[in-house]
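Participant: My structure is below; once you've seen it, I'll send some questions.
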Amino acid sequence: MKETDIGIAGTGFYVPEKVLTNADLEKMVDTSDEWIIKRTGIRERRISGPEETVSSMAEIASRKALEAAGVSPQDLDLIIMGTFTPDNPLPAAACLLQARLGNDHAPSFDLSAACSAFLYGLELGQKLLSSGAYQNALILVSEKLSTVVNWEDRDTCVLFGDGAGAAVITHDAGRGHILDCYIGADGRKAQLMEIPAGGSALPMTHEVLDQKLQYLRMEGRETFKLAVSSMVSASKLVLERNGYTADDITWLIPHQANLRIMKAVAKGLKLPVEKVYINVDRFGNMSGATIPIALAEMAQKNILKKGDLVLMVAFGGGLTWGASLIRW
Ligand code: ACO
């Protein structure tokens with residue numbers, strides 16, 4: 001792959017203060033702390049308050065990323081925001097974020113790629129910066145999944161949480177050198193994870209609400225198998241085409257959907273589980289926000305050292321997937 005000089009200059013994240021534990025969920029649906037931990041590895045997740053929105057959470061994460069990068073909001077010339085829970089269907093949440101940041105010119109748009117959204121954004125951002133037309137891009141994902149979760153459905157409500165993670169990418173960042181990104185999709189299996197109503201195909205009506213079609217539904221078992229195989233093959237693809245093997249990886253940051261999925265991916269790559277960054281136990285699945293949040297958390301805790309080879313890999317609704325290699 002042809003290398004570029006583009007890197008992640010700064011990261012930031014935000015998770016709401018309110019913690020929803022497995023014990024809390026035991027009071028809401030027929031589940032148990034033991035089942036949730038054993039099947040998912042999740043112990044608690046964060047839930048945003050009514051006053052918090054996808055753009056307000058995004059603003060906090062973005063300001064931290066901008067500060068870490070030493071880039072002022074007005075110097076951004078591109079904002080790409082992954083979300084499928086935008087504040088409103090119109091305008092894009094990215095435009096609301098842009099206004100919150102006080103930027104009045106950067107092209108700003110939402111990107112819908114579910115759990116793979118950050119890696120989709122990184123690929124787009126890197127390619128647009130590589131063209132020479134842009135200098136400083138804000139790539140982020142913010143999700144308020146608590147608004148699309150059916151809190152009466154134990155199959156899904158134990159899995160998800162809210163949060164936002166952001167990265168500023170620039171030329172000559174001096175760190176977080178993006179070596180390669182790979183993204184893909186297979187829309188033929190779109191029904192495995194979907195929110196059936198609320199779009200133009202099935203607008204909101206009383207009947208829709210009565211049938212609870214406004215909520216996220218997922219075929220967990222089939223998704224699980226595809227998540228593992230897709231993340232292993234995407235990882236191998238980026239490693240191989242850049243002349244690396246799994247032994248070269250310092251850190252694997254997989255999308256945090258389920259601890260069992262992450263362990264199976266590590267096993268598929270013959271990677272010791274100690275090299276996998278895990279925070280699903282504390283935050284649950286925040287869709288595409290999990291990878292930038294993990295990255296920002298690792299940077300904040302000084303876990304990432306200069307020269308570390310970091311592999312990020314995701315799989316989610318669409319179906320979509322992606323993998324990206326970074327030299328920290
Ligand atoms: N508490 C107790 N029992 C439960 C719960 C619960 N919360 N949820 C399901 N069960 C029961 C089921 O009813 C089933 O009971 P049965 O055997 O009597 O029928 C049993 O537990 C096993 O159910 P499975 O669905 O087979 O459980 P599985 O081990 O597959 O775990 C899970 C379910 C956690 C959803 C898993 O399949 C998974 O993580 N799937 C992938 C999720 C994912 O990666 N999503 C992609 C990203 S999400 C996005 O893009 C937005």
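The chains in the structure tokens are called A, B, ... from first to last as shown; in each chain the residues are counted from 1, and the ligands are counted from 1 in the order shown.
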Listing only residues of chain A within 7 Å of ligand 1, what is the closest atom pair and its distance in Å (to one decimal) for each, using only C-alpha atoms and all ligand atoms, sorted by chain and residue number ascending, as JSON lines?
Facilitator:
{"residue": "A:Asp30", "atom": "CA", "partner": "ligand 1", "partner_atom_place_in_ligand_line": "1 (N)", "distance": 6.2}
{"residue": "A:Thr31", "atom": "CA", "partner": "ligand 1", "partner_atom_place_in_ligand_line": "1 (N)", "distance": 3.6}
{"residue": "A:Ser32", "atom": "CA", "partner": "ligand 1", "partner_atom_place_in_ligand_line": "1 (N)", "distance": 5.8}
{"residue": "A:Trp35", "atom": "CA", "partner": "ligand 1", "partner_atom_place_in_ligand_line": "2 (C)", "distance": 5.5}
{"residue": "A:Ile36", "atom": "CA", "partner": "ligand 1", "partner_atom_place_in_ligand_line": "7 (N)", "distance": 6.0}
{"residue": "A:Arg39", "atom": "CA", "partner": "ligand 1", "partner_atom_place_in_ligand_line": "29 (O)", "distance": 5.4}
{"residue": "A:Thr40", "atom": "CA", "partner": "ligand 1", "partner_atom_place_in_ligand_line": "34 (C)", "distance": 5.2}
{"residue": "A:Ala114", "atom": "CA", "partner": "ligand 1", "partner_atom_place_in_ligand_line": "50 (O)", "distance": 5.0}
{"residue": "A:Cys115", "atom": "CA", "partner": "ligand 1", "partner_atom_place_in_ligand_line": "50 (O)", "distance": 4.7}
{"residue": "A:Arg154", "atom": "CA", "partner": "ligand 1", "partner_atom_place_in_ligand_line": "7 (N)", "distance": 4.2}
{"residue": "A:Asp155", "atom": "CA", "partner": "ligand 1", "partner_atom_place_in_ligand_line": "8 (N)", "distance": 3.8}
{"residue": "A:Thr156", "atom": "CA", "partner": "ligand 1", "partner_atom_place_in_ligand_line": "35 (C)", "distance": 6.4}
{"residue": "A:Val158", "atom": "CA", "partner": "ligand 1", "partner_atom_place_in_ligand_line": "7 (N)", "distance": 5.6}
{"residue": "A:Met193", "atom": "CA", "partner": "ligand 1", "partner_atom_place_in_ligand_line": "50 (O)", "distance": 6.4}
{"residue": "A:Gly220", "atom": "CA", "partner": "ligand 1", "partner_atom_place_in_ligand_line": "37 (O)", "distance": 3.6}
{"residue": "A:Arg221", "atom": "CA", "partner": "ligand 1", "partner_atom_place_in_ligand_line": "37 (O)", "distance": 4.1}
{"residue": "A:Thr223", "atom": "CA", "partner": "ligand 1", "partner_atom_place_in_ligand_line": "41 (C)", "distance": 4.9}
{"residue": "A:Phe224", "atom": "CA", "partner": "ligand 1", "partner_atom_place_in_ligand_line": "41 (C)", "distance": 3.9}
{"residue": "A:Ala227", "atom": "CA", "partner": "ligand 1", "partner_atom_place_in_ligand_line": "44 (O)", "distance": 5.7}
{"residue": "A:Ala257", "atom": "CA", "partner": "ligand 1", "partner_atom_place_in_ligand_line": "44 (O)", "distance": 4.9}
{"residue": "A:Asn258", "atom": "CA", "partner": "ligand 1", "partner_atom_place_in_ligand_line": "39 (O)", "distance": 5.0}
{"residue": "A:Ile261", "atom": "CA", "partner": "ligand 1", "partner_atom_place_in_ligand_line": "39 (O)", "distance": 7.0}
{"residue": "A:Ser287", "atom": "CA", "partner": "ligand 1", "partner_atom_place_in_ligand_line": "51 (C)", "distance": 5.2}
{"residue": "A:Phe315", "atom": "CA", "partner": "ligand 1", "partner_atom_place_in_ligand_line": "46 (C)", "distance": 6.3}
{"residue": "A:Gly316", "atom": "CA", "partner": "ligand 1", "partner_atom_place_in_ligand_line": "50 (O)", "distance": 3.6}
{"residue": "A:Gly317", "atom": "CA", "partner": "ligand 1", "partner_atom_place_in_ligand_line": "50 (O)", "distance": 3.9}
Participant: Looking only at strand (DSSP E) from DSSP on the backbone, list the matching residues of segment 111-256 of chain A as a PyMOL selection string.
Facilitator: chain A and resi 111+136-143+163-171+177-185+193-194+217-218+251-254
Participant: Which residues in segment 158-232 of chain A does DSSP call alpha helix (DSSP H)? List them as a PyMOL selection string.
Facilitator: chain A and resi 206-210+220-232
Participant: Please indicate the distance in Å from atom CA of Tyr14 of chain A to atom CA of Ala61 of chain A, rounded to one decimal place.
Facilitator: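 Spanning atom CA of Tyr14 of chain A to atom CA of Ala61 of chain A is a straight-line distance of 5.1 Å.
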Participant: Would you please work out which residue, of A:Leu96, A:Val15, A:Ala190, A:Ile42, is nearest to Asn279 of chain A when using only C-alpha atoms?
Facilitator: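 Under the stated criterion, the closest residue is A:Ile42.
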Participant: Within 8 Å of Lys189 of chain A, counting only C-alpha atoms, which residues qualify if same-chain residues fewer than 2 places away don't, as a list in words?
Facilitator: Asp186, Gly187, Gln191, Leu192, Gly318 and Leu319 of chain A
Participant: Write the residues you've just listed into a file as an mmCIF file, in the first residue's frame, and include N, CA and C atoms for each of them.
Facilitator:
data_model
loop_
_atom_site.group_PDB
_atom_site.id
_atom_site.type_symbol
_atom_site.label_atom_id
_atom_site.label_comp_id
_atom_site.auth_asym_id
_atom_site.auth_seq_id
_atom_site.Cartn_x
_atom_site.Cartn_y
_atom_site.Cartn_z
ATOM 1 N N ASP A 186 -21.948 -5.888 2.793
ATOM 2 C CA ASP A 186 -22.779 -6.868 2.087
ATOM 3 C C ASP A 186 -24.235 -6.623 2.478
ATOM 4 N N GLY A 187 -24.911 -5.814 1.655
ATOM 5 C CA GLY A 187 -26.294 -5.426 1.945
ATOM 6 C C GLY A 187 -27.292 -6.561 1.832
ATOM 7 N N GLN A 191 -30.982 -7.542 6.874
ATOM 8 C CA GLN A 191 -32.046 -7.787 7.858
ATOM 9 C C GLN A 191 -31.546 -8.398 9.170
ATOM 10 N N LEU A 192 -30.290 -8.794 9.212
ATOM 11 C CA LEU A 192 -29.787 -9.383 10.463
ATOM 12 C C LEU A 192 -29.779 -8.383 11.605
ATOM 13 N N GLY A 318 -25.655 -3.530 8.325
ATOM 14 C CA GLY A 318 -25.435 -3.116 6.932
ATOM 15 C C GLY A 318 -25.585 -4.246 5.921
ATOM 16 N N LEU A 319 -24.847 -5.311 6.098
ATOM 17 C CA LEU A 319 -23.700 -5.505 6.978
ATOM 18 C C LEU A 319 -22.498 -4.685 6.516
#
Participant: Considering only C-alpha atoms, return as a ChimeraX atom specification whatever protein or nucleic-acid residues lie within 8 Å of segment 69-71 of chain A, sequence-local ones (same chain, fewer than 6 positions apart) excluded.
Facilitator: /A:9-11,136,168
Participant: Point out the residue among A:Ala296, A:Ala197, A:Met218, A:Leu252 with the least atom-to-atom distance to Leu159 of chain A, counting only C-alpha atoms.
Facilitator: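 Counting only C-alpha atoms, the residue closest to Leu159 of chain A is A:Met218.
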Participant: List every residue of segment 116-148 of chain A that has an atom at most 10 Å from any atom of segment 162-166 of chain A, and for each one report the closest atom pair and its distance in Å to one decimal, counting only C-alpha atoms, with rows sorted by chain and then by increasing residue number, as a Markdown table.
Facilitator:
| residue | atom | partner | partner_atom | distance |
| --- | --- | --- | --- | --- |
| A:Phe118 | CA | A:Ala166 | CA | 8.7 |
| A:Leu138 | CA | A:Ala166 | CA | 7.0 |
| A:Ile139 | CA | A:Ala166 | CA | 5.9 |
| A:Leu140 | CA | A:Ala166 | CA | 4.1 |
| A:Val141 | CA | A:Gly165 | CA | 5.6 |
| A:Ser142 | CA | A:Ala164 | CA | 4.1 |
| A:Glu143 | CA | A:Asp162 | CA | 5.6 |
| A:Lys144 | CA | A:Asp162 | CA | 4.8 |
| A:Leu145 | CA | A:Asp162 | CA | 5.6 |
| A:Ser146 | CA | A:Asp162 | CA | 6.5 |
| A:Thr147 | CA | A:Asp162 | CA | 9.3 |
Participant: Generate the output file for the selected residues, all heavy atoms, as a compact mmCIF listing (two decimals), in the first residue's frame.
Facilitator:
# COMPACT_ATOMS: atom_id res chain seq x y z
N PHE A 118 -16.65 4.31 12.45
CA PHE A 118 -15.39 5.04 12.66
C PHE A 118 -14.37 4.66 11.59
O PHE A 118 -13.66 5.51 11.05
CB PHE A 118 -14.82 4.77 14.06
CG PHE A 118 -13.56 5.54 14.33
CD1 PHE A 118 -13.58 6.92 14.47
CD2 PHE A 118 -12.33 4.90 14.43
CE1 PHE A 118 -12.41 7.65 14.70
CE2 PHE A 118 -11.16 5.62 14.66
CZ PHE A 118 -11.19 7.00 14.79
N LEU A 138 -12.11 16.14 11.35
CA LEU A 138 -12.64 15.57 12.59
C LEU A 138 -13.45 14.33 12.20
O LEU A 138 -14.41 14.42 11.44
CB LEU A 138 -13.53 16.60 13.29
CG LEU A 138 -14.24 16.18 14.57
CD1 LEU A 138 -13.24 15.83 15.68
CD2 LEU A 138 -15.17 17.30 15.05
N ILE A 139 -13.00 13.18 12.70
CA ILE A 139 -13.68 11.92 12.39
C ILE A 139 -14.23 11.40 13.72
O ILE A 139 -13.47 11.22 14.68
CB ILE A 139 -12.70 10.85 11.84
CG1 ILE A 139 -11.81 11.43 10.73
CG2 ILE A 139 -13.44 9.60 11.39
CD1 ILE A 139 -12.52 11.81 9.46
N LEU A 140 -15.53 11.20 13.78
CA LEU A 140 -16.08 10.80 15.08
C LEU A 140 -17.33 9.95 14.92
O LEU A 140 -17.91 9.88 13.83
CB LEU A 140 -16.41 12.03 15.92
CG LEU A 140 -17.66 12.83 15.52
CD1 LEU A 140 -18.22 13.53 16.73
CD2 LEU A 140 -17.34 13.84 14.43
N VAL A 141 -17.70 9.32 16.02
CA VAL A 141 -18.97 8.59 16.09
C VAL A 141 -19.63 8.95 17.42
O VAL A 141 -18.97 8.96 18.46
CB VAL A 141 -18.78 7.07 16.00
CG1 VAL A 141 -20.13 6.36 16.07
CG2 VAL A 141 -18.07 6.67 14.70
N SER A 142 -20.91 9.26 17.35
CA SER A 142 -21.67 9.52 18.56
C SER A 142 -23.00 8.78 18.45
O SER A 142 -23.66 8.84 17.41
CB SER A 142 -21.91 11.03 18.71
OG SER A 142 -22.60 11.30 19.92
N GLU A 143 -23.36 8.05 19.49
CA GLU A 143 -24.61 7.27 19.43
C GLU A 143 -25.37 7.36 20.74
O GLU A 143 -24.79 7.26 21.83
CB GLU A 143 -24.31 5.77 19.17
CG GLU A 143 -23.72 5.46 17.80
CD GLU A 143 -24.69 5.56 16.62
OE1 GLU A 143 -25.80 6.13 16.78
OE2 GLU A 143 -24.32 5.08 15.53
N LYS A 144 -26.67 7.57 20.60
CA LYS A 144 -27.58 7.53 21.76
C LYS A 144 -28.48 6.30 21.54
O LYS A 144 -29.67 6.43 21.24
CB LYS A 144 -28.38 8.83 21.86
CG LYS A 144 -29.16 8.94 23.16
CD LYS A 144 -29.71 10.35 23.39
CE LYS A 144 -30.62 10.37 24.60
NZ LYS A 144 -31.08 11.70 25.00
N LEU A 145 -27.87 5.14 21.68
CA LEU A 145 -28.57 3.89 21.35
C LEU A 145 -29.72 3.61 22.32
O LEU A 145 -30.65 2.87 21.98
CB LEU A 145 -27.59 2.71 21.36
CG LEU A 145 -26.46 2.81 20.32
CD1 LEU A 145 -25.58 1.57 20.37
CD2 LEU A 145 -27.02 2.97 18.91
N SER A 146 -29.65 4.23 23.51
CA SER A 146 -30.72 4.00 24.49
C SER A 146 -32.09 4.43 23.95
O SER A 146 -33.11 3.96 24.43
CB SER A 146 -30.42 4.74 25.79
OG SER A 146 -30.23 6.11 25.54
N THR A 147 -32.09 5.28 22.90
CA THR A 147 -33.37 5.72 22.35
C THR A 147 -33.92 4.77 21.29
O THR A 147 -35.08 4.89 20.89
CB THR A 147 -33.25 7.13 21.70
OG1 THR A 147 -32.26 7.07 20.67
CG2 THR A 147 -32.87 8.18 22.71
Participant: Please provide as a PDB file with C-alpha atoms, in the first residue's frame all residues within 6 Å of Asn22 of chain A, with the sequence filter that same-chain residues fewer than 2 positions apart are discarded (counting only C-alpha atoms).
Facilitator:
ATOM      1  CA  ASP A  24     -30.570  -2.690  37.299  1.00  0.00           C
ATOM      2  CA  LEU A  25     -31.493  -4.714  34.204  1.00  0.00           C
ATOM      3  CA  ASP A  33     -26.027 -10.588  35.976  1.00  0.00           C
ATOM      4  CA  ARG A  43     -21.132  -5.542  33.517  1.00  0.00           C
ATOM      5  CA  GLU A  44     -22.499  -2.033  33.025  1.00  0.00           C
TER       6      GLU A  44
END
Participant: Show which residues sit within 12 Å of Gln135 of chain A, as a list in words. Count only C-alpha atoms, and ignore same-chain residues fewer than 3 positions away.
Facilitator: Asp5, Ile6, Gly7, Ala9, Val71, Gln74, Asp75, Leu76, Asp77, Leu78, Ile79, Ala106, Gly125, Gln126, Lys127, Leu128, Leu129, Ser130, Ser131, Gly132, Leu138, Val168, Ile169, Thr170, His171, Asp172 and Ala173 of chain A
Participant: What is the distance between atom CA of Tyr120 of chain A and atom CA of Tyr182 of chain A, in Å to one decimal?
Facilitator: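 Spanning atom CA of Tyr120 of chain A to atom CA of Tyr182 of chain A is a straight-line distance of 8.3 Å.
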Participant: Pick from A:Met286, A:Leu325, A:Ala294, A:Cys95: nearest to Tyr244 of chain A, with only C-alpha atoms counted?
Facilitator: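 Using only C-alpha atoms, Tyr244 of chain A sits closest to A:Leu325.
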Participant: In terms of the shortest atom-to-atom distance over only C-alpha atoms, which of A:Arg260, A:Lys275, A:Lys306, A:Lys18 is closest to Lys225 of chain A?
Facilitator: A:Arg260
Participant: Pick out the residues sitting within 9 Å of segment 198-205 of chain A, and hand them over as a ChimeraX atom specification; count only C-alpha atoms, and ignore anything fewer than 6 positions along from it in its own chain.
Facilitator: /A:89,213-214
